[in-house]
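**Q** My structure is in entry27.txt, and what it holds is compact mmCIF, C-alpha atoms and all ligand atoms:
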# COMPACT_ATOMS: atom_id res chain seq x y z
CA MET A 1 1.91 20.82 1.41
CA PRO A 2 5.67 21.53 1.08
CA LEU A 3 7.35 19.35 -1.56
CA ALA A 4 9.83 17.83 0.92
CA GLN A 5 6.90 16.59 3.03
CA ALA A 6 5.06 15.19 0.01
CA GLN A 7 8.16 13.22 -1.01
CA VAL A 8 8.34 11.23 2.25
CA ARG A 9 4.61 10.47 2.48
CA PRO A 10 3.62 6.93 1.39
CA ALA A 11 1.60 6.82 -1.87
CA GLN A 12 -0.75 4.43 -0.05
CA THR A 13 -1.47 4.12 3.67
CA PRO A 14 0.53 1.20 5.09
CA ASP A 15 -1.63 -1.82 6.02
CA VAL A 16 0.33 -2.13 9.26
CA ILE A 17 2.59 0.30 11.12
CA PHE A 18 6.34 -0.18 11.53
CA VAL A 19 7.23 -2.22 14.61
CA PRO A 20 10.71 -3.77 14.40
CA THR A 21 11.41 -7.44 15.04
CA PRO A 22 13.88 -7.77 17.98
CA GLN A 23 17.32 -8.92 16.82
CA ASP A 24 17.15 -12.27 18.68
CA VAL A 25 13.90 -13.04 16.84
CA VAL A 26 15.48 -12.01 13.49
CA ASP A 27 18.31 -14.45 14.21
CA GLU A 28 15.83 -17.26 14.99
CA MET A 29 13.81 -16.51 11.81
CA LEU A 30 16.96 -16.93 9.70
CA ARG A 31 17.95 -20.07 11.63
CA ILE A 32 14.56 -21.78 11.30
CA ALA A 33 14.53 -20.96 7.56
CA ASP A 34 18.02 -22.49 7.26
CA VAL A 35 19.26 -19.50 5.24
CA LYS A 36 22.44 -20.36 3.36
CA LYS A 37 24.65 -19.23 0.48
CA GLY A 38 22.67 -19.07 -2.78
CA ASP A 39 19.35 -18.16 -1.15
CA VAL A 40 17.45 -15.05 -2.18
CA LEU A 41 15.58 -13.61 0.78
CA TYR A 42 12.59 -11.25 0.51
CA ASP A 43 11.20 -9.41 3.54
CA LEU A 44 7.67 -8.24 2.70
CA GLY A 45 7.12 -5.05 4.70
CA SER A 46 10.81 -4.58 5.46
CA GLY A 47 10.76 -1.60 7.86
CA ASP A 48 14.29 -0.48 8.71
CA GLY A 49 15.70 -3.41 6.73
CA ARG A 50 17.09 -5.38 9.66
CA ILE A 51 16.08 -8.81 8.29
CA PRO A 52 17.60 -8.42 4.78
CA VAL A 53 20.67 -6.65 6.22
CA THR A 54 21.26 -9.41 8.81
CA ALA A 55 20.79 -12.15 6.19
CA ALA A 56 23.29 -10.51 3.82
CA LYS A 57 25.83 -9.74 6.52
CA ARG A 58 25.72 -13.13 8.20
CA PHE A 59 25.18 -15.51 5.28
CA GLY A 60 26.33 -13.52 2.24
CA VAL A 61 22.95 -13.98 0.54
CA ARG A 62 21.21 -11.55 -1.79
CA ALA A 63 18.25 -9.97 -0.01
CA VAL A 64 15.40 -7.65 -1.02
CA GLY A 65 13.14 -5.60 1.23
CA ILE A 66 9.79 -4.29 0.06
CA ASP A 67 8.07 -1.49 1.94
CA ILE A 68 5.38 0.98 0.95
CA ASP A 69 6.70 3.77 3.16
CA PRO A 70 9.52 5.89 1.63
CA GLU A 71 10.78 6.84 5.08
CA ARG A 72 11.34 3.15 5.88
CA ILE A 73 13.14 2.68 2.54
CA ARG A 74 15.44 5.58 3.39
CA GLU A 75 16.21 4.09 6.84
CA ALA A 76 16.75 0.63 5.35
CA ASN A 77 19.20 1.93 2.72
CA GLU A 78 21.10 3.76 5.47
CA ASN A 79 21.13 0.52 7.53
CA ALA A 80 22.57 -1.41 4.54
CA ARG A 81 25.24 1.30 4.05
CA ARG A 82 26.21 1.26 7.74
CA ASN A 83 26.60 -2.52 7.63
CA GLY A 84 28.53 -2.62 4.34
CA VAL A 85 26.05 -4.81 2.44
CA THR A 86 24.80 -2.47 -0.31
CA ASP A 87 26.20 -4.88 -2.92
CA LEU A 88 23.84 -7.65 -1.69
CA VAL A 89 20.73 -5.79 -0.48
CA ARG A 90 18.06 -3.81 -2.35
CA PHE A 91 15.02 -1.99 -0.97
CA ARG A 92 12.02 -1.33 -3.19
CA GLN A 93 9.19 1.05 -2.41
CA GLU A 94 6.20 -1.04 -3.48
CA ASP A 95 2.93 -2.47 -2.24
CA LEU A 96 3.77 -6.01 -1.16
CA PHE A 97 0.40 -7.23 -2.47
CA LYS A 98 1.40 -6.13 -6.00
CA ALA A 99 5.15 -6.77 -5.87
CA ASP A 100 6.98 -9.40 -7.91
CA PHE A 101 8.89 -11.60 -5.46
CA ARG A 102 8.86 -14.84 -7.47
CA GLU A 103 12.66 -15.18 -7.36
CA ALA A 104 12.62 -15.58 -3.55
CA THR A 105 13.79 -18.83 -1.96
CA VAL A 106 13.05 -17.47 1.54
CA VAL A 107 10.25 -15.02 2.46
CA THR A 108 10.02 -13.33 5.85
CA LEU A 109 6.93 -11.61 7.29
CA TYR A 110 5.97 -9.54 10.31
CA LEU A 111 2.56 -8.23 9.34
CA LEU A 112 -0.80 -9.13 10.91
CA PRO A 113 -2.91 -12.31 10.91
CA ASP A 114 -5.45 -11.00 8.35
CA LEU A 115 -2.68 -9.66 6.08
CA ASN A 116 -0.94 -13.08 6.14
CA VAL A 117 -4.21 -14.74 5.11
CA ARG A 118 -4.77 -12.13 2.37
CA LEU A 119 -1.24 -12.71 1.09
CA ARG A 120 -1.41 -16.52 1.18
CA PRO A 121 -2.97 -17.08 -2.30
CA LYS A 122 -0.23 -14.93 -3.87
CA LEU A 123 2.47 -16.84 -1.98
CA TRP A 124 1.01 -20.17 -3.14
CA ALA A 125 0.47 -19.07 -6.74
CA GLU A 126 3.74 -17.26 -7.35
CA LEU A 127 6.49 -18.75 -5.19
CA LYS A 128 8.43 -21.79 -6.32
CA PRO A 129 7.57 -25.04 -4.52
CA GLY A 130 10.09 -25.50 -1.72
CA THR A 131 10.33 -21.77 -0.93
CA ARG A 132 10.55 -21.29 2.82
CA ILE A 133 8.28 -18.79 4.56
CA VAL A 134 8.84 -17.50 8.08
CA SER A 135 6.46 -15.28 10.02
CA HIS A 136 7.16 -13.46 13.25
CA GLN A 137 4.21 -13.70 15.63
CA PHE A 138 1.35 -14.36 13.20
CA GLU A 139 -0.06 -17.52 11.67
CA MET A 140 -1.53 -18.06 8.22
CA GLY A 141 -5.14 -19.07 9.01
CA THR A 142 -5.88 -22.69 8.11
CA TRP A 143 -2.40 -23.29 6.61
CA LYS A 144 -0.76 -25.10 9.52
CA PRO A 145 2.94 -24.34 10.11
CA GLU A 146 5.56 -27.10 9.91
CA LYS A 147 7.55 -25.62 12.78
CA VAL A 148 6.77 -23.24 15.63
CA VAL A 149 9.49 -21.80 17.89
CA GLU A 150 9.22 -19.52 20.92
CA VAL A 151 11.88 -16.81 21.42
CA ASN A 152 11.68 -14.66 24.55
CA GLY A 153 7.89 -14.45 24.45
CA ARG A 154 7.65 -14.13 20.64
CA THR A 155 6.59 -16.91 18.28
CA VAL A 156 8.16 -17.78 14.94
CA TYR A 157 6.20 -19.88 12.39
CA PHE A 158 7.67 -21.79 9.43
CA TRP A 159 6.06 -23.18 6.25
CA THR A 160 7.32 -24.58 2.93
CA VAL A 161 5.47 -23.79 -0.31
CA PRO A 162 4.06 -27.13 -1.51
CA ALA A 163 3.98 -28.58 -5.02
CA ARG A 164 1.52 -26.85 -7.37
CA GLU A 165 -1.02 -29.70 -7.51
CA LYS A 166 -1.85 -29.18 -3.82
CA LYS A 167 -4.88 -26.93 -3.21
CA SER A 168 -4.45 -23.87 -0.97
CA PRO A 169 -6.00 -24.71 2.46
C1 LIG A 201 5.55 -4.64 11.62
S1 LIG A 201 6.63 -3.82 10.46
C2 LIG A 201 7.85 -5.10 10.18
C3 LIG A 201 9.20 -4.57 9.75
C4 LIG A 201 10.30 -5.63 9.50
N1 LIG A 201 9.84 -6.64 8.58
C5 LIG A 201 10.70 -6.29 10.80
O1 LIG A 201 10.27 -7.42 11.02
O2 LIG A 201 11.44 -5.65 11.59
C6 LIG A 201 5.63 -3.85 8.95
C7 LIG A 201 6.14 -3.01 7.80
O3 LIG A 201 5.26 -3.24 6.69
C8 LIG A 201 5.16 -2.04 5.93
N2 LIG A 201 3.92 -2.13 5.13
C9 LIG A 201 2.65 -2.00 5.56
N3 LIG A 201 1.78 -2.20 4.54
C10 LIG A 201 2.52 -2.46 3.43
C11 LIG A 201 2.21 -2.76 2.07
N4 LIG A 201 0.95 -2.84 1.64
N5 LIG A 201 3.23 -2.98 1.22
C12 LIG A 201 4.53 -2.91 1.64
N6 LIG A 201 4.88 -2.61 2.92
C13 LIG A 201 3.90 -2.42 3.81
C14 LIG A 201 5.16 -0.94 6.98
O4 LIG A 201 5.56 0.29 6.43
C15 LIG A 201 6.15 -1.51 8.02
O5 LIG A 201 7.45 -1.03 7.79
Please express what this file holds, its structure, as structure tokens.
Ligand SMILES: C[S@@+](CC[C@H](N)C(=O)[O-])C[C@H]1O[C@@H](n2cnc3c(N)ncnc32)[C@H](O)[C@@H]1O
**A**
Amino acid sequence: MPLAQAQVRPAQTPDVIFVPTPQDVVDEMLRIADVKKGDVLYDLGSGDGRIPVTAAKRFGVRAVGIDIDPERIREANENARRNGVTDLVRFRQEDLFKADFREATVVTLYLLPDLNVRLRPKLWAELKPGTRIVSHQFEMGTWKPEKVVEVNGRTVYFWTVPAREKKSP
């Protein structure tokens, strides 16, 4: 395999392919999460970076995108450059199931139902109580959302990480 090709191939097969969230749904995800100055937003499986880039551009927050695919990381960095937010946004090529995202105050997801459920124990164990979680389109199994909003045929779900003494549902 030529070296150039090897360099853009993910070290691990992505658990879900890249499908971007439409911009009106991105806007609603940030609205429902009440993103504001001082927040630190993490998009787990960040694709072309549109959620972190929008959060940084609109609200001036620090934002991190994690994606396993180096091609997505390249696109996301280019997106941040185009939008003038490279001082606020970072993209890390990592497996979201192994990544350290404990500093997040807002987490955004557009994965798959089974991936959300697989991720849930890590979210509960590692995120600070009060951290807001927003998922485009997919629920989190038995963990019932606090808010559900429809946007042009898409659904956005919202949860808050509870205090530690609560047991994961
Ligand atoms: C459906 S796309 C969502 C992209 C973006 N969050 C959005 O809403 O526009 C899912 C992304 O997750 C990434 N991904 C899949 N498995 C992953 C894993 N284990 N760790 C990190 N990223 C992963 C894919 O490369 C893809 O870019």
**Q** Could you check how far CA of Pro129 (chain A) sits from atom C14 of ligand LIG 201 (chain A), in Å to one decimal?
**A**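 CA of Pro129 (chain A) sits 26.8 Å away from atom C14 of ligand LIG 201 (chain A).
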**Q** Let me have all residues with an atom within 10 Å of ligand LIG 201 (chain A), counting all atoms listed in the file, laid out as a VMD selection string.
**A** chain A and resid 10 12 to 23 25 to 26 29 42 to 52 65 to 73 76 92 to 99 108 to 112 115 135 to 137
**Q** So which residues touch Ala56 (chain A) within 12 Å, counting all atoms listed in the file, skipping near sequence neighbours fewer than 6 positions away, as an MDAnalysis selection string?
**A** chainID A and resid 30 35:42 49:50 62:65 79:81 83:90
**Q** What separation in Å, quoted to one decimal, exists between CA of Thr54 (chain A) and CA of Ala125 (chain A)?
**A**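 One can read the CA of Thr54 (chain A) to CA of Ala125 (chain A) distance as 27.7 Å.
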**Q** Expressed in Å to a single decimal, how great is the separation between CA of Phe91 (chain A) and CA of Lys128 (chain A)?
**A**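 Distance between the two atoms: 21.5 Å.
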**Q** With distances taken over all atoms listed in the file, which residue among A:Glu139, A:Asp34, A:Asp24, A:Asp100 lies nearest Asn116 (chain A)?
**A**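 For Asn116 (chain A), the nearest of the candidates is A:Glu139.
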**Q** Taking all atoms listed in the file into account, which of A:Phe59, A:Phe158, A:Trp124, A:Trp143 comes nearest Ala33 (chain A)?
**A**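 So, comparing all the options, the nearest one is A:Phe158.
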**Q** Which neighbours of Arg102 (chain A) fall inside 9 Å, counting all atoms listed in the file, when residues of the same chain fewer than 4 positions from it are skipped, and could you give them as a list in words?
**A** Leu123, Glu126, Leu127 and Lys128 of chain A
**Q** From the list A:Glu28, A:Asp114, A:Arg82, A:Ala11, which residue is nearest Val151 (chain A) when using all atoms listed in the file?
**A** A:Glu28
**Q** Name the closest residue to Pro145 (chain A) among the candidates A:Thr160, A:Thr131, A:Glu78, A:Lys57; distances are taken between atoms, counting only C-alpha atoms.
**A**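 Of A:Thr160, A:Thr131, A:Glu78, A:Lys57, the one nearest Pro145 (chain A), counting only C-alpha atoms, is A:Thr160.
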**Q** Can you work out which one of A:Glu75, A:Val156, A:Arg164, A:Thr142 has the shortest atom-to-atom distance to Val117 (chain A), counting only C-alpha atoms?
**A**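 The closest residue to Val117 (chain A) is A:Thr142.
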**Q** Ranking A:Val161, A:Val53, A:Lys122, A:Gly60 by minimum distance to Thr105 (chain A) and counting only C-alpha atoms, which one comes first?
**A** A:Val161
